[in-house]
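*Asks:* Quick one: this structure, given as structure tokens, is what I'll be asking you about.
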Amino acid sequence: MVTINGLAPMCRTRRRLESTHRYVAGMEGRSWGLGSVLLVTLVVGCAANTDSTTPSTIPSTNPATESTTVDTAAPADDDLFGEGQRTVDTAGPATTDLSADTTSSTTSTTTTSTTTTSTTTTTVAPVSATNPCPPTGAQVWEVRPASDIPAPAVPGDWRTESAGTSVQGRDLTVLVRPRDEPARTVLVIGGIHGNEPVSPPMVRAMVDVAIPDDTEVWLLPLMNPDGSAAGTRCNANGVDLNRNFSWDWRPSTGGPAAFSEPEPTAAAALVERVNPDLVIWVHQPLGYISSIGDTPDSYEQAWANAAGLPVRPDVTQHGGGESWTAFVAGVPSMLIEANTWEATPEMVAAHVAGFAALLDVVVPR
């Protein structure tokens with residue numbers, strides 16, 4: 001933890017904190033240690049922040065056909081795996097090719113009684129523009145089945161609708177508690193990584209919360225249904241969906257292009273359509289609660305106190321949904337990291353309590 005007397009309270013909106021966590025395997029693959037490298041940039045003066053290089057909207061055309069500049073340099077350590085700035089496997093996945101362009105030359109010589117011929121050929125290795133989910137490696141890549149925690153019945157004053165479909169045609173089902181003229185609207189998105197089993201039941205269980213009458217709630221429990229069905233982190237195209245959003249998108253980990261995948265594209269379109277006062281993104285297993293960018297500290301404190309987890313302010317993730325909503329869409333954004341890789345009713349109940357406590361403090365933006 002770094003404390004700079006007199007500066008920490010100043011200009012919170014100018015602070016960008018990027019954290020690197022490193023997984024350490026051990027204890028039968030269930031224990032892991034964390035080391036942190038914290039980079040804090042404080043700009044004093046409260047001038048308006050502009051990120052001129054960040055795309056402001058979801059692509060209006062098919063991103064797979066758009067011109068994309070590929071960074072051919074080898075990726076930094078935080079590109080190797082895990083949650084980027086949040087998690088890194090120091091060994092990296094054994095099956096992933098993250099090398100830059102390489103050129104090799106070979107010379108062959110053929111000799112006969114009368115002539116000698118020398119031939120030089122140059123081969124350029126293809127650029128590896130994605131980081132597909134490997135079958136083995138760190139805990140973040142392990143295959144985990146979906147949770148068998150039963151989903152509660154949808155209350156009569158809720159409705160269901162679709163936000164879109166996955167690569168394999170599965171529906172991205174949204175649960176909505178509508179209000180004609182809501183004072184505030186909250187959107188919760190879970191199941192971004194298919195091998196994080198507690199996230200979908202946690203979001204589904206929020207239908208049982210006593211929601212204030214003036215509040216509209218939208219729940220997308222499972223953004224990656226194909227990954228969940230297979231137990232894999234990535235979607236059916238092998239793309240990590242929390243690297244596929246346009247904020248600081250990187251070709252080494254984020255797929256062929258920002259918003260190349262239908263699931264992040266549908267989630268971003270839902271955010272823009274609903275225009276919420278807060279978007280909450282649910283992951284595991286790092287065990288903290290974070291308000292990102294301009295999002296009030298009171299939000300993370302309310303959830304953390306009720307769920308019994310620590311606060312970790314201003315976490316960002318290149319290509320991440322939580323960073324896209326905060327810095328591109330301009331919507332207050334929170335990251336919820338449940339602790340451990342398990343999926344238990346007790347974990348669900350703790351975070352449902354966190355959500356209920358949060359609703360008491362959310363204000364219109």
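For the structure tokens, the naming scheme is as follows: chains receive sequential letters (A, B, ...) according to their order of presentation, residues are indexed from 1 within each chain, and ligands are indexed from 1 in presentation order.
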Per DSSP on the backbone, filter stretch 250-344 of chain A down to the residues in helix (DSSP H, G or I) and report them as an MDAnalysis selection string.

*Replies:* chainID A and resid 262:274 297:307 321:327

*Asks:* Within 8 Å of A:Pro225, counting only C-alpha atoms, which residues qualify if same-chain residues fewer than 3 places away don't, as a short mmCIF file (atom, residue, chain, number, x, y, z; two decimals) with all heavy atoms, in the first residue's frame?

*Replies:*
data_model
loop_
_atom_site.label_atom_id
_atom_site.label_comp_id
_atom_site.auth_asym_id
_atom_site.auth_seq_id
_atom_site.Cartn_x
_atom_site.Cartn_y
_atom_site.Cartn_z
N SER A 166 -25.11 -15.91 -28.36
CA SER A 166 -23.68 -16.23 -28.31
C SER A 166 -23.20 -16.75 -29.66
O SER A 166 -23.98 -16.88 -30.62
CB SER A 166 -23.45 -17.30 -27.24
OG SER A 166 -24.08 -18.52 -27.63
N ARG A 170 -26.70 -19.53 -28.29
CA ARG A 170 -27.40 -19.52 -27.01
C ARG A 170 -27.88 -18.11 -26.68
O ARG A 170 -27.21 -17.12 -26.99
CB ARG A 170 -26.50 -20.06 -25.90
CG ARG A 170 -26.19 -21.54 -26.02
CD ARG A 170 -25.34 -22.03 -24.85
NE ARG A 170 -25.20 -23.48 -24.86
CZ ARG A 170 -24.22 -24.14 -25.48
NH1 ARG A 170 -23.29 -23.45 -26.16
NH2 ARG A 170 -24.16 -25.46 -25.44
N ASP A 171 -28.99 -18.04 -26.00
CA ASP A 171 -29.58 -16.74 -25.68
C ASP A 171 -28.86 -16.07 -24.52
O ASP A 171 -28.45 -16.74 -23.56
CB ASP A 171 -31.06 -16.93 -25.33
CG ASP A 171 -31.79 -15.61 -25.25
OD1 ASP A 171 -31.84 -14.91 -26.27
OD2 ASP A 171 -32.31 -15.28 -24.16
N LEU A 172 -28.70 -14.76 -24.62
CA LEU A 172 -28.20 -13.96 -23.51
C LEU A 172 -29.42 -13.37 -22.80
O LEU A 172 -29.91 -12.30 -23.16
CB LEU A 172 -27.27 -12.85 -24.01
CG LEU A 172 -25.78 -13.22 -24.21
CD1 LEU A 172 -25.63 -14.34 -25.23
CD2 LEU A 172 -24.98 -12.00 -24.66
N GLY A 191 -21.14 -13.96 -15.30
CA GLY A 191 -20.82 -15.05 -16.22
C GLY A 191 -19.99 -14.62 -17.41
O GLY A 191 -20.14 -15.17 -18.50
N GLY A 194 -16.59 -18.29 -18.45
CA GLY A 194 -17.42 -19.47 -18.28
C GLY A 194 -16.99 -20.41 -17.19
O GLY A 194 -17.76 -21.28 -16.78
N LEU A 222 -25.60 -14.41 -17.29
CA LEU A 222 -24.65 -15.25 -18.01
C LEU A 222 -24.32 -14.64 -19.37
O LEU A 222 -25.01 -14.87 -20.36
CB LEU A 222 -25.23 -16.66 -18.17
CG LEU A 222 -24.33 -17.75 -18.74
CD1 LEU A 222 -23.01 -17.83 -17.98
CD2 LEU A 222 -25.04 -19.09 -18.72
N SER A 228 -19.70 -21.24 -20.34
CA SER A 228 -20.25 -21.91 -19.16
C SER A 228 -20.63 -23.35 -19.48
O SER A 228 -20.39 -24.26 -18.67
CB SER A 228 -21.48 -21.13 -18.67
OG SER A 228 -22.04 -21.74 -17.53
N ALA A 229 -21.21 -23.58 -20.64
CA ALA A 229 -21.59 -24.94 -21.02
C ALA A 229 -20.38 -25.86 -21.15
O ALA A 229 -20.45 -27.06 -20.85
CB ALA A 229 -22.37 -24.91 -22.33
N ASN A 235 -14.97 -17.83 -24.79
CA ASN A 235 -16.19 -18.18 -25.52
C ASN A 235 -15.90 -19.28 -26.53
O ASN A 235 -14.79 -19.84 -26.56
CB ASN A 235 -16.82 -16.94 -26.17
CG ASN A 235 -16.04 -16.45 -27.39
OD1 ASN A 235 -14.90 -16.84 -27.64
ND2 ASN A 235 -16.67 -15.58 -28.16
#

*Asks:* For A:Pro152, which residue among A:Val186, A:Thr344, A:Pro201, A:Ile192 is the nearest when counting only C-alpha atoms?

*Replies:*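 Among A:Val186, A:Thr344, A:Pro201, A:Ile192, it is A:Pro201 that comes nearest to A:Pro152.
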
*Asks:* Quick one: pull the distance between atom CA of A:Gly190 and atom CA of A:Pro310, Å, one decimal.

*Replies:*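 Distance between the two atoms: 19.9 Å.
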
*Asks:* Write out as an MDAnalysis selection string each polymer residue whose atoms come within 12 Å of A:Glu272, counting only C-alpha atoms; drop sequence neighbours fewer than 4 positions from it.

*Replies:* chainID A and resid 56:58 163 187 265:268 276:279 324:325 328:331

*Asks:* Which polymer residues have any atom within 9 Å of an atom of A:Pro145, counting only C-alpha atoms, with same-chain residues fewer than 2 positions away left out, as a VMD selection string?

*Replies:* chain A and resid 143 147 to 148 194 to 197 228 to 232

*Asks:* I'd like the neighbourhood of stretch 281-295 of chain A as a ChimeraX atom specification, where a residue qualifies if any of its atoms comes within 6 Å (using only C-alpha atoms), though same-chain residues fewer than 3 positions away should be ignored.

*Replies:* /A:13,189-190,199,300,304,309-314,332-341

*Asks:* Using only C-alpha atoms, determine which residues lie at most 9 Å from A:Trp247, disregarding the query and same-chain residues fewer than 4 positions distant; provide the list as number ranges by chain.

*Replies:* A: 54-56, 243, 258, 317-321, 323-325, 327-328

*Asks:* Quick one: of A:Val363, A:Ala269, A:Val207, A:Val239, who's nearest to A:Gly255, counting only C-alpha atoms?

*Replies:*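 Ranking A:Val363, A:Ala269, A:Val207, A:Val239 by distance to A:Gly255, first place goes to A:Val239.
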
*Asks:* In Å to one decimal, how far is atom CA of A:Ser246 from atom CA of A:Ser162?

*Replies:* 22.7 Å

*Asks:* DSSP on the backbone, then: every residue of stretch 212-288 of chain A marked strand (DSSP E or B), written as a PyMOL selection string.

*Replies:* chain A and resi 215-220+278-283+286-288

*Asks:* Those selected residues, please, written with all heavy atoms and delivered as a CSV table (one decimal), in the first residue's frame.

*Replies:*
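Everything below was put into result10.csv:
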chain,number,residue,atom,x,y,z
A,215,THR,N,-36.5,2.1,-8.1
A,215,THR,CA,-35.3,1.6,-8.7
A,215,THR,C,-35.6,0.5,-9.7
A,215,THR,O,-36.3,-0.4,-9.4
A,215,THR,CB,-34.3,1.0,-7.6
A,215,THR,OG1,-34.0,2.0,-6.7
A,215,THR,CG2,-33.0,0.5,-8.3
A,216,GLU,N,-35.1,0.7,-10.9
A,216,GLU,CA,-35.2,-0.4,-12.0
A,216,GLU,C,-33.9,-1.2,-12.0
A,216,GLU,O,-32.8,-0.6,-11.9
A,216,GLU,CB,-35.4,0.3,-13.3
A,216,GLU,CG,-35.7,-0.7,-14.5
A,216,GLU,CD,-36.2,0.0,-15.7
A,216,GLU,OE1,-37.4,0.3,-15.7
A,216,GLU,OE2,-35.4,0.3,-16.6
A,217,VAL,N,-34.0,-2.5,-12.1
A,217,VAL,CA,-32.9,-3.4,-12.1
A,217,VAL,C,-32.9,-4.3,-13.3
A,217,VAL,O,-33.9,-4.8,-13.7
A,217,VAL,CB,-32.9,-4.3,-10.8
A,217,VAL,CG1,-31.8,-5.3,-10.9
A,217,VAL,CG2,-32.7,-3.4,-9.6
A,218,TRP,N,-31.7,-4.4,-13.9
A,218,TRP,CA,-31.5,-5.3,-15.1
A,218,TRP,C,-30.4,-6.3,-14.7
A,218,TRP,O,-29.4,-5.8,-14.2
A,218,TRP,CB,-31.1,-4.5,-16.3
A,218,TRP,CG,-32.2,-3.6,-16.9
A,218,TRP,CD1,-32.7,-2.5,-16.3
A,218,TRP,CD2,-32.8,-3.7,-18.1
A,218,TRP,NE1,-33.6,-1.9,-17.1
A,218,TRP,CE2,-33.7,-2.6,-18.2
A,218,TRP,CE3,-32.7,-4.5,-19.2
A,218,TRP,CZ2,-34.5,-2.4,-19.4
A,218,TRP,CZ3,-33.4,-4.3,-20.3
A,218,TRP,CH2,-34.4,-3.3,-20.4
A,219,LEU,N,-30.7,-7.5,-14.9
A,219,LEU,CA,-29.7,-8.6,-14.6
A,219,LEU,C,-29.4,-9.4,-15.8
A,219,LEU,O,-30.3,-10.0,-16.5
A,219,LEU,CB,-30.2,-9.5,-13.5
A,219,LEU,CG,-30.7,-8.9,-12.2
A,219,LEU,CD1,-31.3,-10.0,-11.3
A,219,LEU,CD2,-29.6,-8.1,-11.5
A,220,LEU,N,-28.1,-9.5,-16.2
A,220,LEU,CA,-27.6,-10.4,-17.3
A,220,LEU,C,-26.7,-11.4,-16.5
A,220,LEU,O,-25.5,-11.2,-16.4
A,220,LEU,CB,-26.9,-9.6,-18.3
A,220,LEU,CG,-26.2,-10.5,-19.4
A,220,LEU,CD1,-27.1,-11.4,-20.1
A,220,LEU,CD2,-25.5,-9.6,-20.4
A,278,LEU,N,-25.6,2.8,-12.9
A,278,LEU,CA,-24.5,2.0,-12.4
A,278,LEU,C,-24.5,0.7,-13.1
A,278,LEU,O,-25.5,0.1,-13.3
A,278,LEU,CB,-24.6,1.8,-10.9
A,278,LEU,CG,-23.6,0.8,-10.2
A,278,LEU,CD1,-22.2,1.4,-10.3
A,278,LEU,CD2,-24.0,0.5,-8.7
A,279,VAL,N,-23.3,0.2,-13.5
A,279,VAL,CA,-23.1,-1.2,-14.0
A,279,VAL,C,-22.2,-1.9,-13.1
A,279,VAL,O,-21.1,-1.4,-12.7
A,279,VAL,CB,-22.5,-1.1,-15.5
A,279,VAL,CG1,-22.4,-2.6,-16.0
A,279,VAL,CG2,-23.4,-0.3,-16.4
A,280,ILE,N,-22.5,-3.1,-12.8
A,280,ILE,CA,-21.8,-4.0,-11.9
A,280,ILE,C,-21.3,-5.2,-12.6
A,280,ILE,O,-22.2,-5.9,-13.3
A,280,ILE,CB,-22.6,-4.4,-10.7
A,280,ILE,CG1,-23.1,-3.2,-9.9
A,280,ILE,CG2,-21.8,-5.3,-9.7
A,280,ILE,CD1,-24.3,-3.4,-9.0
A,281,TRP,N,-20.1,-5.6,-12.6
A,281,TRP,CA,-19.5,-6.7,-13.3
A,281,TRP,C,-19.0,-7.7,-12.3
A,281,TRP,O,-18.3,-7.4,-11.4
A,281,TRP,CB,-18.3,-6.3,-14.2
A,281,TRP,CG,-18.7,-5.3,-15.3
A,281,TRP,CD1,-18.9,-4.0,-15.1
A,281,TRP,CD2,-19.0,-5.6,-16.6
A,281,TRP,NE1,-19.3,-3.4,-16.3
A,281,TRP,CE2,-19.4,-4.3,-17.2
A,281,TRP,CE3,-19.0,-6.7,-17.4
A,281,TRP,CZ2,-19.7,-4.3,-18.6
A,281,TRP,CZ3,-19.4,-6.6,-18.8
A,281,TRP,CH2,-19.7,-5.4,-19.3
A,282,VAL,N,-19.5,-9.0,-12.4
A,282,VAL,CA,-19.2,-10.0,-11.3
A,282,VAL,C,-18.2,-11.1,-11.8
A,282,VAL,O,-18.5,-11.7,-12.8
A,282,VAL,CB,-20.5,-10.6,-10.9
A,282,VAL,CG1,-20.3,-11.7,-9.8
A,282,VAL,CG2,-21.5,-9.6,-10.4
A,283,HIS,N,-17.2,-11.2,-11.1
A,283,HIS,CA,-16.1,-12.2,-11.4
A,283,HIS,C,-15.8,-13.0,-10.1
A,283,HIS,O,-16.3,-12.7,-9.0
A,283,HIS,CB,-14.8,-11.5,-11.9
A,283,HIS,CG,-14.9,-11.0,-13.3
A,283,HIS,ND1,-14.6,-11.7,-14.4
A,283,HIS,CD2,-15.3,-9.7,-13.7
A,283,HIS,CE1,-14.8,-11.0,-15.5
A,283,HIS,NE2,-15.2,-9.8,-15.1
A,286,LEU,N,-10.7,-13.4,-6.8
A,286,LEU,CA,-9.7,-12.6,-6.1
A,286,LEU,C,-10.2,-11.9,-4.8
A,286,LEU,O,-9.4,-11.5,-4.0
A,286,LEU,CB,-9.2,-11.5,-7.1
A,286,LEU,CG,-8.5,-12.0,-8.3
A,286,LEU,CD1,-8.0,-10.9,-9.2
A,286,LEU,CD2,-7.5,-13.0,-8.0
A,287,GLY,N,-11.5,-11.9,-4.5
A,287,GLY,CA,-12.0,-11.5,-3.2
A,287,GLY,C,-11.8,-10.0,-2.9
A,287,GLY,O,-11.2,-9.7,-1.9
A,288,TYR,N,-12.4,-9.1,-3.7
A,288,TYR,CA,-12.4,-7.7,-3.3
A,288,TYR,C,-13.5,-7.0,-4.1
A,288,TYR,O,-14.1,-7.6,-5.0
A,288,TYR,CB,-11.1,-7.0,-3.6
A,288,TYR,CG,-10.6,-7.0,-5.1
A,288,TYR,CD1,-11.2,-6.2,-6.0
A,288,TYR,CD2,-9.6,-7.9,-5.5
A,288,TYR,CE1,-10.8,-6.1,-7.3
A,288,TYR,CE2,-9.2,-7.9,-6.9
A,288,TYR,CZ,-9.8,-7.0,-7.7
A,288,TYR,OH,-9.4,-7.0,-9.1
